[in-house]
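*Asks:* See work_29.tsv below, with TSV, C-alpha atoms.
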```tsv
chain	number	residue	atom	x	y	z
A	1140	MET	CA	15.96	-13.76	10.26
A	1141	ILE	CA	17.87	-10.48	10.50
A	1142	SER	CA	17.67	-8.94	13.94
A	1143	ASN	CA	16.15	-5.48	14.08
A	1144	LYS	CA	17.35	-4.42	17.54
A	1145	ALA	CA	18.83	-1.28	15.96
A	1146	GLU	CA	18.18	0.60	12.75
A	1147	LYS	CA	20.08	-0.72	9.75
A	1148	ARG	CA	20.47	0.62	6.23
A	1149	TYR	CA	20.53	-1.80	3.32
A	1150	ILE	CA	21.38	-1.34	-0.34
A	1151	MET	CA	20.08	-4.48	-1.99
A	1152	ILE	CA	20.01	-6.20	-5.36
A	1153	PHE	CA	17.60	-8.89	-6.46
A	1154	ASP	CA	19.98	-11.78	-5.78
A	1155	ASP	CA	20.08	-10.76	-2.10
A	1156	LEU	CA	16.53	-12.07	-1.77
A	1157	LEU	CA	17.77	-15.57	-2.54
A	1158	SER	CA	19.86	-15.52	0.66
A	1159	ILE	CA	16.82	-15.09	2.94
A	1160	LYS	CA	16.57	-18.34	4.88
A	1161	GLU	CA	13.01	-18.19	6.20
A	1162	ASP	CA	9.91	-16.02	6.02
A	1163	VAL	CA	8.34	-14.37	9.03
A	1164	TRP	CA	5.71	-17.08	9.50
A	1165	THR	CA	8.31	-19.85	9.58
A	1166	HIS	CA	10.37	-17.85	12.04
A	1167	LEU	CA	7.39	-17.28	14.33
A	1168	TYR	CA	6.54	-20.98	14.17
A	1169	ASN	CA	10.09	-22.01	15.11
A	1170	THR	CA	10.82	-19.43	17.79
A	1171	GLU	CA	10.93	-20.32	21.47
A	1172	LYS	CA	10.23	-16.72	22.51
A	1173	PRO	CA	6.69	-15.68	23.54
A	1174	ILE	CA	4.88	-13.81	20.76
A	1175	VAL	CA	2.97	-10.67	21.71
A	1176	MET	CA	0.82	-8.61	19.34
A	1177	TYR	CA	0.84	-4.82	19.28
A	1178	GLY	CA	-2.59	-3.54	18.25
A	1179	THR	CA	-6.18	-4.65	17.80
A	1180	GLY	CA	-8.75	-4.29	15.05
A	1181	ASN	CA	-9.07	-5.59	11.50
A	1182	GLY	CA	-5.34	-6.03	10.93
A	1183	ALA	CA	-5.00	-7.96	14.18
A	1184	ASP	CA	-7.90	-10.20	13.18
A	1185	LYS	CA	-6.19	-11.04	9.88
A	1186	ILE	CA	-2.86	-11.84	11.52
A	1187	ILE	CA	-4.41	-13.89	14.34
A	1188	ASP	CA	-6.31	-15.92	11.74
A	1189	VAL	CA	-3.01	-16.72	10.00
A	1190	LEU	CA	-1.29	-17.57	13.29
A	1191	GLU	CA	-4.09	-19.96	14.21
A	1192	GLU	CA	-4.06	-21.54	10.75
A	1193	LYS	CA	-0.31	-22.14	11.00
A	1194	GLY	CA	-0.37	-23.38	14.59
A	1195	ILE	CA	1.60	-20.41	15.93
A	1196	LYS	CA	0.83	-19.62	19.56
A	1197	LEU	CA	0.07	-16.02	20.50
A	1198	TYR	CA	0.92	-15.19	24.12
A	1199	GLY	CA	-0.90	-11.87	24.48
A	1200	ILE	CA	-1.89	-8.48	23.10
A	1201	PHE	CA	-0.99	-4.94	24.06
A	1202	ALA	CA	-2.07	-1.52	22.84
A	1203	SER	CA	-0.59	1.95	23.15
A	1204	ASP	CA	-0.94	3.22	26.70
A	1205	ASP	CA	-3.85	5.54	25.80
A	1206	PHE	CA	-5.83	2.62	24.36
A	1207	ALA	CA	-4.97	-0.13	26.86
A	1208	ARG	CA	-8.22	0.15	28.74
A	1209	ASP	CA	-10.06	-2.61	30.57
A	1210	ARG	CA	-11.02	-4.59	27.48
A	1211	SER	CA	-10.40	-7.86	25.68
A	1212	PHE	CA	-9.70	-8.79	22.06
A	1213	ARG	CA	-9.98	-12.29	20.58
A	1214	GLY	CA	-9.98	-13.77	24.09
A	1215	PHE	CA	-6.92	-11.82	25.29
A	1216	LYS	CA	-6.94	-9.08	27.89
A	1217	VAL	CA	-5.44	-6.01	26.23
A	1218	LYS	CA	-2.44	-4.89	28.29
A	1219	LYS	CA	0.34	-2.30	28.03
A	1220	TYR	CA	3.79	-2.93	26.61
A	1221	ALA	CA	5.28	-2.27	30.05
A	1222	ASP	CA	3.15	-5.08	31.50
A	1223	PHE	CA	4.79	-7.63	29.22
A	1224	LYS	CA	8.26	-6.25	29.88
A	1225	VAL	CA	7.71	-7.00	33.58
A	1226	GLU	CA	5.97	-10.30	32.91
A	1227	LEU	CA	8.26	-11.71	30.21
A	1228	GLY	CA	11.37	-9.59	29.87
A	1229	GLU	CA	12.27	-10.70	26.34
A	1230	PHE	CA	9.69	-11.54	23.68
A	1231	ILE	CA	8.74	-11.05	20.03
A	1232	VAL	CA	6.44	-8.16	19.10
A	1233	ILE	CA	4.29	-8.34	15.97
A	1234	VAL	CA	2.70	-5.09	14.80
A	1235	SER	CA	-0.85	-5.55	13.53
A	1236	PHE	CA	-1.83	-2.07	12.32
A	1237	ALA	CA	-0.74	0.47	9.74
A	1238	SER	CA	0.49	3.99	10.41
A	1239	GLN	CA	2.54	6.82	8.94
A	1240	ARG	CA	2.20	9.11	11.96
A	1241	ASN	CA	5.57	10.14	13.34
A	1242	GLU	CA	4.63	9.65	16.99
A	1243	VAL	CA	3.29	6.16	16.33
A	1244	LEU	CA	6.31	5.16	14.24
A	1245	SER	CA	8.66	6.53	16.88
A	1246	ASN	CA	7.02	4.25	19.43
A	1247	ILE	CA	7.34	1.25	17.09
A	1248	TYR	CA	11.01	2.04	16.50
A	1249	ARG	CA	11.59	2.40	20.25
A	1250	ILE	CA	10.04	-1.01	20.89
A	1251	ALA	CA	12.08	-2.48	18.02
A	1252	SER	CA	15.26	-1.25	19.73
A	1253	GLU	CA	14.28	-3.25	22.83
A	1254	GLN	CA	12.61	-6.37	21.44
A	1255	GLU	CA	12.62	-8.50	18.31
A	1256	LEU	CA	9.84	-6.88	16.25
A	1257	TYR	CA	8.08	-7.73	12.97
A	1258	ALA	CA	5.15	-6.33	11.01
A	1259	PRO	CA	3.85	-9.39	9.13
A	1260	ASP	CA	2.63	-8.54	5.65
A	1261	VAL	CA	-0.97	-9.52	4.99
A	1262	PRO	CA	-2.63	-8.24	1.80
A	1263	VAL	CA	-5.07	-5.36	2.12
A	1264	PHE	CA	-7.24	-7.09	-0.49
A	1265	GLY	CA	-7.21	-10.59	-1.88
A	1266	SER	CA	-6.08	-13.79	-0.26
A	1267	GLY	CA	-2.86	-15.66	0.39
A	1268	LEU	CA	0.45	-14.51	1.85
A	1269	PHE	CA	3.61	-13.10	0.32
A	1270	ASP	CA	5.77	-15.72	1.98
A	1271	MET	CA	8.88	-17.52	0.73
A	1272	GLU	CA	6.79	-20.00	-1.22
A	1273	TYR	CA	4.95	-17.17	-2.99
A	1274	PHE	CA	8.22	-15.40	-3.79
A	1275	LYS	CA	9.75	-18.53	-5.31
A	1276	ALA	CA	6.60	-19.23	-7.33
A	1277	HIS	CA	6.69	-15.75	-8.88
A	1278	LYS	CA	10.45	-15.15	-8.88
A	1279	GLU	CA	10.81	-14.95	-12.66
A	1280	ARG	CA	8.01	-12.38	-13.04
A	1281	LEU	CA	9.43	-10.30	-10.18
A	1282	GLU	CA	12.91	-10.45	-11.65
A	1283	LEU	CA	11.58	-9.17	-14.98
A	1284	VAL	CA	10.08	-6.17	-13.18
A	1285	TYR	CA	13.39	-5.57	-11.39
A	1286	ASP	CA	15.14	-5.47	-14.76
A	1287	MET	CA	12.63	-2.85	-15.97
A	1288	LEU	CA	13.38	-0.37	-13.15
A	1289	SER	CA	15.09	2.83	-14.25
A	1290	ASP	CA	17.27	3.96	-11.35
A	1291	ASP	CA	19.11	2.66	-8.29
A	1292	VAL	CA	16.56	4.13	-5.88
A	1293	SER	CA	13.82	2.15	-7.62
A	1294	ARG	CA	15.78	-1.08	-7.64
A	1295	ASN	CA	16.61	-0.75	-3.95
A	1296	THR	CA	13.00	0.13	-3.14
A	1297	PHE	CA	11.72	-2.89	-5.03
A	1298	VAL	CA	14.10	-5.37	-3.39
A	1299	CYS	CA	13.83	-3.92	0.13
A	1300	SER	CA	10.03	-3.95	-0.18
A	1301	LEU	CA	10.11	-7.59	-1.24
A	1302	ALA	CA	12.48	-8.43	1.62
A	1303	PHE	CA	10.06	-6.76	4.02
A	1304	LYS	CA	7.11	-8.68	2.62
A	1305	ILE	CA	8.93	-11.96	3.11
A	1306	THR	CA	10.48	-11.29	6.53
A	1307	GLY	CA	8.25	-8.66	8.18
A	1308	ASN	CA	11.45	-6.83	9.18
A	1309	ILE	CA	10.72	-3.08	9.21
A	1310	ASP	CA	14.41	-2.20	8.86
A	1311	TYR	CA	14.06	-3.01	5.16
A	1312	LEU	CA	11.31	-0.39	4.82
A	1313	ARG	CA	13.38	2.22	6.61
A	1314	SER	CA	16.21	1.53	4.17
A	1315	CYS	CA	14.21	2.63	1.15
A	1316	GLU	CA	12.10	5.51	2.45
A	1317	VAL	CA	11.97	8.77	0.53
A	1318	THR	CA	10.20	11.96	1.47
A	1319	GLU	CA	6.96	13.09	-0.13
A	1320	SER	CA	8.76	16.10	-1.64
A	1321	GLU	CA	11.36	13.80	-3.24
A	1322	CYS	CA	8.60	11.73	-4.82
A	1323	ASP	CA	6.73	14.85	-5.97
A	1324	SER	CA	9.93	16.24	-7.49
A	1325	LEU	CA	10.39	13.09	-9.55
A	1326	VAL	CA	6.83	13.29	-10.87
A	1327	SER	CA	7.10	17.03	-11.65
A	1328	ARG	CA	10.38	16.48	-13.50
A	1329	LEU	CA	8.75	13.85	-15.71
A	1330	LEU	CA	5.56	15.78	-16.57
A	1331	THR	CA	5.05	17.24	-20.03
A	1332	SER	CA	1.37	18.20	-19.55
A	1333	ARG	CA	-0.38	19.13	-16.30
A	1334	ASN	CA	-3.92	17.86	-16.99
A	1335	TYR	CA	-4.68	15.32	-14.29
A	1336	VAL	CA	-6.72	12.18	-13.60
A	1337	ASP	CA	-7.20	11.11	-9.97
A	1338	ILE	CA	-8.63	7.61	-9.53
A	1339	GLY	CA	-9.49	6.92	-5.90
A	1340	ALA	CA	-9.72	10.63	-5.13
A	1341	TYR	CA	-11.00	10.02	-1.57
A	1342	THR	CA	-12.06	13.44	-0.18
A	1343	GLY	CA	-10.12	15.42	-2.75
A	1344	ASP	CA	-6.92	15.86	-0.74
A	1345	THR	CA	-4.66	14.65	-3.55
A	1346	VAL	CA	-6.42	16.89	-6.09
A	1347	GLU	CA	-5.97	19.87	-3.77
A	1348	LYS	CA	-2.28	19.05	-3.36
A	1349	TYR	CA	-1.84	18.72	-7.12
A	1350	VAL	CA	-3.53	22.09	-7.70
A	1351	SER	CA	-1.26	23.70	-5.09
A	1352	HIS	CA	1.75	22.55	-7.13
A	1353	HIS	CA	0.47	23.03	-10.66
A	1354	GLY	CA	-2.30	25.64	-10.51
A	1355	ASN	CA	-6.01	25.42	-11.25
A	1356	ASP	CA	-5.89	26.47	-14.92
A	1357	ILE	CA	-5.85	22.81	-15.93
A	1358	GLU	CA	-8.35	20.06	-16.60
A	1359	ILE	CA	-8.84	17.61	-13.72
A	1360	TYR	CA	-10.92	14.42	-13.58
A	1361	ALA	CA	-11.58	12.82	-10.17
A	1362	PHE	CA	-13.19	9.40	-9.62
A	1363	GLU	CA	-14.43	8.35	-6.15
A	1364	PRO	CA	-17.00	5.57	-5.58
A	1365	ASP	CA	-17.82	6.12	-1.90
A	1366	GLU	CA	-20.77	8.51	-1.52
A	1367	LYS	CA	-19.61	9.97	1.79
A	1368	ASN	CA	-16.09	10.62	0.53
A	1369	TYR	CA	-17.52	12.01	-2.71
A	1370	ARG	CA	-19.68	14.55	-0.86
A	1371	LYS	CA	-16.69	15.65	1.21
A	1372	MET	CA	-14.69	16.00	-1.98
A	1373	LEU	CA	-17.32	18.28	-3.52
A	1374	GLU	CA	-17.41	20.39	-0.35
A	1375	ARG	CA	-13.61	20.68	-0.38
A	1376	PHE	CA	-13.55	21.77	-4.02
A	1377	GLU	CA	-16.30	24.33	-3.50
A	1378	SER	CA	-14.62	25.85	-0.44
A	1379	ARG	CA	-11.22	26.02	-2.18
A	1380	GLY	CA	-12.51	27.19	-5.53
A	1381	ILE	CA	-11.12	24.10	-7.31
A	1382	ARG	CA	-12.52	23.35	-10.76
A	1383	CYS	CA	-12.78	19.60	-11.28
A	1384	ASN	CA	-14.75	17.08	-13.31
A	1385	THR	CA	-16.01	14.60	-10.71
A	1386	VAL	CA	-17.46	11.11	-11.13
A	1387	ASN	CA	-19.12	9.23	-8.26
A	1388	ALA	CA	-18.21	5.76	-9.55
A	1389	ALA	CA	-15.48	3.16	-9.37
A	1390	ALA	CA	-12.93	3.29	-12.17
A	1391	TRP	CA	-12.96	-0.16	-13.74
A	1392	ASP	CA	-12.16	-1.93	-17.01
A	1393	LYS	CA	-15.78	-2.05	-18.18
A	1394	THR	CA	-19.15	-0.48	-17.43
A	1395	GLU	CA	-21.03	-2.63	-14.95
A	1396	THR	CA	-22.40	-2.82	-11.42
A	1397	LEU	CA	-19.98	-3.79	-8.66
A	1398	ARG	CA	-20.37	-4.64	-5.03
A	1399	PHE	CA	-18.63	-1.90	-3.05
A	1400	TYR	CA	-17.30	-2.69	0.43
A	1401	SER	CA	-17.18	0.51	2.43
A	1402	ASN	CA	-14.64	0.46	5.25
A	1403	SER	CA	-13.31	3.20	7.49
A	1404	GLY	CA	-10.89	5.71	6.03
A	1405	ARG	CA	-9.54	5.13	2.55
A	1406	ALA	CA	-10.10	1.39	2.33
A	1407	GLY	CA	-13.24	1.21	0.24
A	1408	SER	CA	-13.00	-1.49	-2.39
A	1409	ALA	CA	-14.86	-2.42	-5.54
A	1410	ASP	CA	-14.35	-6.17	-5.58
A	1411	LYS	CA	-16.49	-9.09	-6.68
A	1412	GLY	CA	-14.71	-11.66	-4.56
A	1413	ARG	CA	-15.07	-10.61	-0.92
A	1414	ASN	CA	-17.41	-11.80	1.79
A	1415	SER	CA	-18.81	-9.03	3.99
A	1416	THR	CA	-22.10	-7.80	5.33
A	1417	LYS	CA	-21.18	-4.12	4.71
A	1418	PHE	CA	-21.64	-3.59	1.02
A	1419	LYS	CA	-23.75	-1.88	-1.58
A	1420	ASP	CA	-23.98	-2.05	-5.34
A	1421	ILE	CA	-22.35	0.84	-7.23
A	1422	ASN	CA	-21.70	1.89	-10.77
A	1423	ALA	CA	-18.34	1.07	-12.29
A	1424	VAL	CA	-17.12	2.88	-15.38
A	1425	ARG	CA	-14.18	3.09	-17.73
A	1426	ALA	CA	-12.47	6.35	-16.86
A	1427	GLU	CA	-11.47	6.88	-20.49
A	1428	ASP	CA	-15.13	7.39	-21.39
A	1429	TYR	CA	-15.21	10.58	-19.26
A	1430	ILE	CA	-11.97	12.18	-20.43
A	1431	ASP	CA	-11.91	14.53	-23.41
A	1432	LYS	CA	-8.59	16.37	-22.93
A	1433	GLU	CA	-4.96	15.37	-23.32
A	1434	ILE	CA	-3.75	13.97	-19.98
A	1435	GLY	CA	-0.29	14.50	-18.52
A	1436	PHE	CA	-0.56	12.76	-15.15
A	1437	VAL	CA	-2.62	9.92	-13.69
A	1438	LYS	CA	-2.73	8.89	-10.03
A	1439	ILE	CA	-4.35	5.54	-9.25
A	1440	ASP	CA	-5.02	4.42	-5.68
A	1441	ALA	CA	-8.03	2.22	-6.27
A	1442	GLU	CA	-7.87	-0.06	-3.22
A	1443	GLY	CA	-7.15	-3.32	-4.97
A	1444	SER	CA	-8.77	-2.41	-8.30
A	1445	ASP	CA	-5.66	-0.64	-9.61
A	1446	ALA	CA	-4.93	-2.96	-12.53
A	1447	ASN	CA	-8.60	-2.85	-13.61
A	1448	ALA	CA	-8.53	0.95	-13.45
A	1449	LEU	CA	-5.43	0.98	-15.66
A	1450	ARG	CA	-7.16	-1.14	-18.29
A	1451	GLY	CA	-10.12	1.24	-18.18
A	1452	LEU	CA	-7.72	4.03	-19.20
A	1453	ALA	CA	-6.13	2.10	-22.07
A	1454	SER	CA	-7.09	4.51	-24.86
A	1455	VAL	CA	-5.82	7.53	-22.87
A	1456	ILE	CA	-2.55	5.75	-22.08
A	1457	ARG	CA	-2.00	4.76	-25.71
A	1458	LYS	CA	-2.83	8.26	-27.02
A	1459	ASP	CA	-1.29	10.58	-24.40
A	1460	ALA	CA	1.38	8.41	-22.70
A	1461	PRO	CA	0.80	10.22	-19.36
A	1462	VAL	CA	3.08	9.94	-16.37
A	1463	MET	CA	1.33	7.55	-13.96
A	1464	LYS	CA	1.70	6.91	-10.24
A	1465	VAL	CA	0.01	3.63	-9.27
A	1466	ALA	CA	-0.33	2.17	-5.77
A	1467	ALA	CA	1.57	-1.13	-5.46
A	1468	TYR	CA	0.64	-2.37	-1.98
A	1469	HIS	CA	-2.97	-3.57	-2.03
A	1470	ARG	CA	-2.59	-7.09	-3.40
A	1471	ASN	CA	0.22	-9.66	-3.30
A	1472	GLU	CA	0.42	-9.68	-7.09
A	1473	ASP	CA	0.67	-5.87	-7.50
A	1474	PHE	CA	4.47	-5.96	-7.67
A	1475	PHE	CA	4.31	-7.77	-11.02
A	1476	SER	CA	0.70	-7.49	-12.26
A	1477	ILE	CA	0.67	-3.68	-12.43
A	1478	PRO	CA	3.85	-3.33	-14.57
A	1479	GLU	CA	2.59	-6.19	-16.72
A	1480	ALA	CA	-0.77	-4.43	-17.21
A	1481	VAL	CA	0.94	-1.21	-18.32
A	1482	SER	CA	3.25	-3.08	-20.72
A	1483	GLU	CA	0.25	-4.83	-22.27
A	1484	ILE	CA	-1.40	-1.45	-22.93
A	1485	LYS	CA	1.63	0.48	-24.19
A	1486	ASP	CA	5.20	-0.70	-24.48
A	1487	GLY	CA	8.10	1.67	-23.84
A	1488	TYR	CA	7.34	3.10	-20.40
A	1489	ARG	CA	10.22	3.75	-18.00
A	1490	LEU	CA	9.50	2.37	-14.55
A	1491	TYR	CA	10.33	3.86	-11.14
A	1492	MET	CA	9.34	2.88	-7.61
A	1493	ARG	CA	9.18	4.93	-4.41
A	1494	HIS	CA	8.19	4.18	-0.81
A	1495	LEU	CA	7.13	6.84	1.70
A	1496	LYS	CA	7.48	6.37	5.46
A	1497	TYR	CA	4.85	3.81	6.51
A	1498	VAL	CA	4.58	0.60	8.55
A	1499	PRO	CA	3.75	-1.84	7.02
A	1500	GLY	CA	4.77	-1.21	3.40
A	1501	TRP	CA	1.88	1.03	2.38
A	1502	ASP	CA	2.42	4.20	0.33
A	1503	THR	CA	4.59	2.24	-2.09
A	1504	ASP	CA	4.01	3.31	-5.68
A	1505	PHE	CA	5.13	2.55	-9.19
A	1506	ILE	CA	5.76	5.65	-11.33
A	1507	PHE	CA	5.60	5.24	-15.09
A	1508	SER	CA	7.07	7.73	-17.56
A	1509	PHE	CA	6.96	7.16	-21.29
A	1510	ASP	CA	10.24	6.98	-23.15
A	1511	CYS	CA	9.56	8.49	-26.55
```
As structure tokens, please, write out the structure in this file.

*Replies:*
Amino acid sequence: MISNKAEKRYIMIFDDLLSIKEDVWTHLYNTEKPIVMYGTGNGADKIIDVLEEKGIKLYGIFASDDFARDRSFRGFKVKKYADFKVELGEFIVIVSFASQRNEVLSNIYRIASEQELYAPDVPVFGSGLFDMEYFKAHKERLELVYDMLSDDVSRNTFVCSLAFKITGNIDYLRSCEVTESECDSLVSRLLTSRNYVDIGAYTGDTVEKYVSHHGNDIEIYAFEPDEKNYRKMLERFESRGIRCNTVNAAAWDKTETLRFYSNSGRAGSADKGRNSTKFKDINAVRAEDYIDKEIGFVKIDAEGSDANALRGLASVIRKDAPVMKVAAYHRNEDFFSIPEAVSEIKDGYRLYMRHLKYVPGWDTDFIFSFDC
């Protein structure tokens, strides 16, 4: 494994992935250092389950100082980072939560400068791990996607993101970060029409941002399945005077009823294959059935249903060839299944990839622009 005691910058090509000797899980299994987890909650549960399955011993858990109260998690007393520094001196830290907040990331980077630190990649949705075995099994499909990418930033983003998935080393993510304005500039440069489809519109924040850049004299279609988020979206649009066609349904590849798992924040998922007690049945629709204008831009952040949402837009994609920004971090297979889905619908798209500051590798998107 590559040490991440200090920030490093990498420019990588696909063949560099073949030189990685072991994935993060193998490294954690083989290490003689104590392993301490940073964070509690759903992400920690997922990682602890993997550790237990692989026979990897977890020494303890700590939280940020403001959250390290007198409590326990999965049989461990939740301590502070400083407690383990006194108790152990040197140890491995594994980050078990996701954040893009500067103050949280600064703390992670500070810890990484003092200890060996990893953020093991576990899929937001779906099963399995993106480990070395998974990479080797899908190497040819991933390499085909790499060959499709249209610029050096995209190629470096793709390879660094894969290296992070395999190793859990956050230095790879830091090596391919771009700012939100840089990503927006790329999209704006590629647009030929401003009419907009937002799939996974959440509370309308991305629609509001789009309107702030491109004005409100356009046609907008927003799809959001969660009732609470949908109500907040309507309130936002009314208070801001935003005109928008809204649909309270999951964007899918056919019209049917789905089981919707409603989690905190953005992570609500329409998925037939999960086991949970917190669900309800919702309507799923093909977005193309609700769109009657030429579309210039599509944003899809459908919490694991992204490829299905693409297929439900097939007629729009074939007719209008819109620029599309599609989330690529929900499922292990997203890095190849999403480009494959677009190619199956309409051949000739140019492919870009961008990653915004986030640990783990969330806010990583494919951007498609049609080459006439």

*Asks:* Using only C-alpha atoms, which of A:Ser1314, A:Ser1289, A:Phe1303, A:Lys1218 sits nearest Phe1509 of chain A?

*Replies:* A:Ser1289

*Asks:* Just the number, please: distance in Å from atom CA of Ala1183 of chain A to atom CA of Asn1169 of chain A, one decimal.

*Replies:*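 Atom CA of Ala1183 of chain A sits 20.6 Å away from atom CA of Asn1169 of chain A.
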
*Asks:* Quick one: contact table of segment 1233-1295 of chain A to segment 1483-1490 of chain A, 9 Å max, nearest atom pair and distance in Å to one decimal per residue, counting all atoms listed in the file, chain and number order, as a tab-separated table?

*Replies:*
```
residue	atom	partner	partner_atom	distance
A:Val1284	CA	A:Leu1490	CA	8.7
A:Met1287	CA	A:Leu1490	CA	6.2
A:Leu1288	CA	A:Leu1490	CA	5.0
A:Ser1289	CA	A:Leu1490	CA	5.6
A:Asp1290	CA	A:Leu1490	CA	8.6
A:Ser1293	CA	A:Leu1490	CA	8.2
```

*Asks:* Within 6 Å of segment 1497-1508 of chain A, counting all atoms listed in the file, which residues qualify if same-chain residues fewer than 4 places away don't, as an MDAnalysis selection string?

*Replies:* chainID A and resid 1237:1239 1462:1468 1488:1493

*Asks:* Counting only C-alpha atoms, figure out which residue out of A:Phe1236, A:Phe1264, A:Tyr1341, A:Trp1391 gets nearest to Arg1370 of chain A.

*Replies:* A:Tyr1341

*Asks:* For His1469 of chain A, work out the shell of residues within 12 Å, counting all atoms listed in the file and skipping chain neighbours fewer than 2 positions away, then give it as JSON, numbers by chain.

*Replies:* {"A": [1260, 1261, 1262, 1263, 1264, 1265, 1266, 1269, 1405, 1406, 1407, 1408, 1439, 1440, 1441, 1442, 1443, 1444, 1445, 1446, 1465, 1466, 1467, 1471, 1472, 1473, 1474, 1476, 1477, 1499, 1500, 1501, 1502, 1503, 1504]}

*Asks:* With distances taken over only C-alpha atoms, which of A:Ile1233, A:Ile1186, A:Leu1167, A:Cys1315 is nearest to Ile1150 of chain A?

*Replies:*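 Checking each of A:Ile1233, A:Ile1186, A:Leu1167, A:Cys1315 against Ile1150 of chain A, counting only C-alpha atoms, the winner is A:Cys1315.
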
*Asks:* When distances are computed from all atoms listed in the file, which of A:Ala1202, A:Val1234, A:Ile1309, A:Ile1456 shows the smallest separation from Ile1187 of chain A?

*Replies:*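 The closest residue to Ile1187 of chain A is A:Val1234.
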
*Asks:* So which one's closest to Thr1331 of chain A, A:Gly1307, A:Pro1364, A:Pro1461, A:Gly1354? Using all atoms listed in the file, please.

*Replies:* A:Pro1461

*Asks:* List the neighbours of segment 1383-1389 of chain A out to 9 Å using all atoms listed in the file; skip same-chain residues closer than 3 positions along the sequence, and give me the result as an NGL selection string.

*Replies:* :A and (1338-1339 or 1346 or 1355 or 1357-1366 or 1369 or 1372-1373 or 1376 or 1397 or 1399 or 1408-1409 or 1421-1426 or 1429 or 1441 or 1444 or 1448)

*Asks:* Restricting the calculation to only C-alpha atoms: of A:Val1336, A:Leu1495, A:Ala1207, A:Leu1227, which residue gets closest to Lys1438 of chain A?

*Replies:* A:Val1336

*Asks:* For Phe1215 of chain A, work out the shell of residues within 12 Å, counting all atoms listed in the file and skipping chain neighbours fewer than 5 positions away, then give it as a list in words.

*Replies:*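 Selected residues are Val1175, Met1176, Gly1178, Thr1179, Ala1183, Ile1187, Leu1197, Tyr1198, Gly1199, Ile1200, Phe1201, Ala1202, Ala1207, Asp1209 and Arg1210 of chain A.
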
*Asks:* Let's have the selection written as a compact mmCIF listing (two decimals), in the coordinates of the input, with C-alpha atoms.

*Replies:*
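Output saved as part33.txt:
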```txt
# COMPACT_ATOMS: atom_id res chain seq x y z
CA VAL A 1175 2.97 -10.67 21.71
CA MET A 1176 0.82 -8.61 19.34
CA GLY A 1178 -2.59 -3.54 18.25
CA THR A 1179 -6.18 -4.65 17.80
CA ALA A 1183 -5.00 -7.96 14.18
CA ILE A 1187 -4.41 -13.89 14.34
CA LEU A 1197 0.07 -16.02 20.50
CA TYR A 1198 0.92 -15.19 24.12
CA GLY A 1199 -0.90 -11.87 24.48
CA ILE A 1200 -1.89 -8.48 23.10
CA PHE A 1201 -0.99 -4.94 24.06
CA ALA A 1202 -2.07 -1.52 22.84
CA ALA A 1207 -4.97 -0.13 26.86
CA ASP A 1209 -10.06 -2.61 30.57
CA ARG A 1210 -11.02 -4.59 27.48
```

*Asks:* Give me, please, the distance in Å between atom CA of Leu1244 of chain A and atom CA of Phe1475 of chain A, quoted to one decimal.

*Replies:*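 Calculated distance between atom CA of Leu1244 of chain A and atom CA of Phe1475 of chain A is 28.4 Å.
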
*Asks:* If you measure from atom CA of Lys1172 of chain A to atom CA of Phe1230 of chain A, what distance in Å do you get, rounded to one decimal?

*Replies:* 5.3 Å

*Asks:* Excluding Met1271 of chain A and any residue of its chain fewer than 6 positions from it, enumerate the residues within 8 Å of it, using all atoms listed in the file, and give them as a list in words.

*Replies:*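 Near Met1271 of chain A, the qualifying residues are Glu1161, Asp1162 and Ile1305 of chain A.
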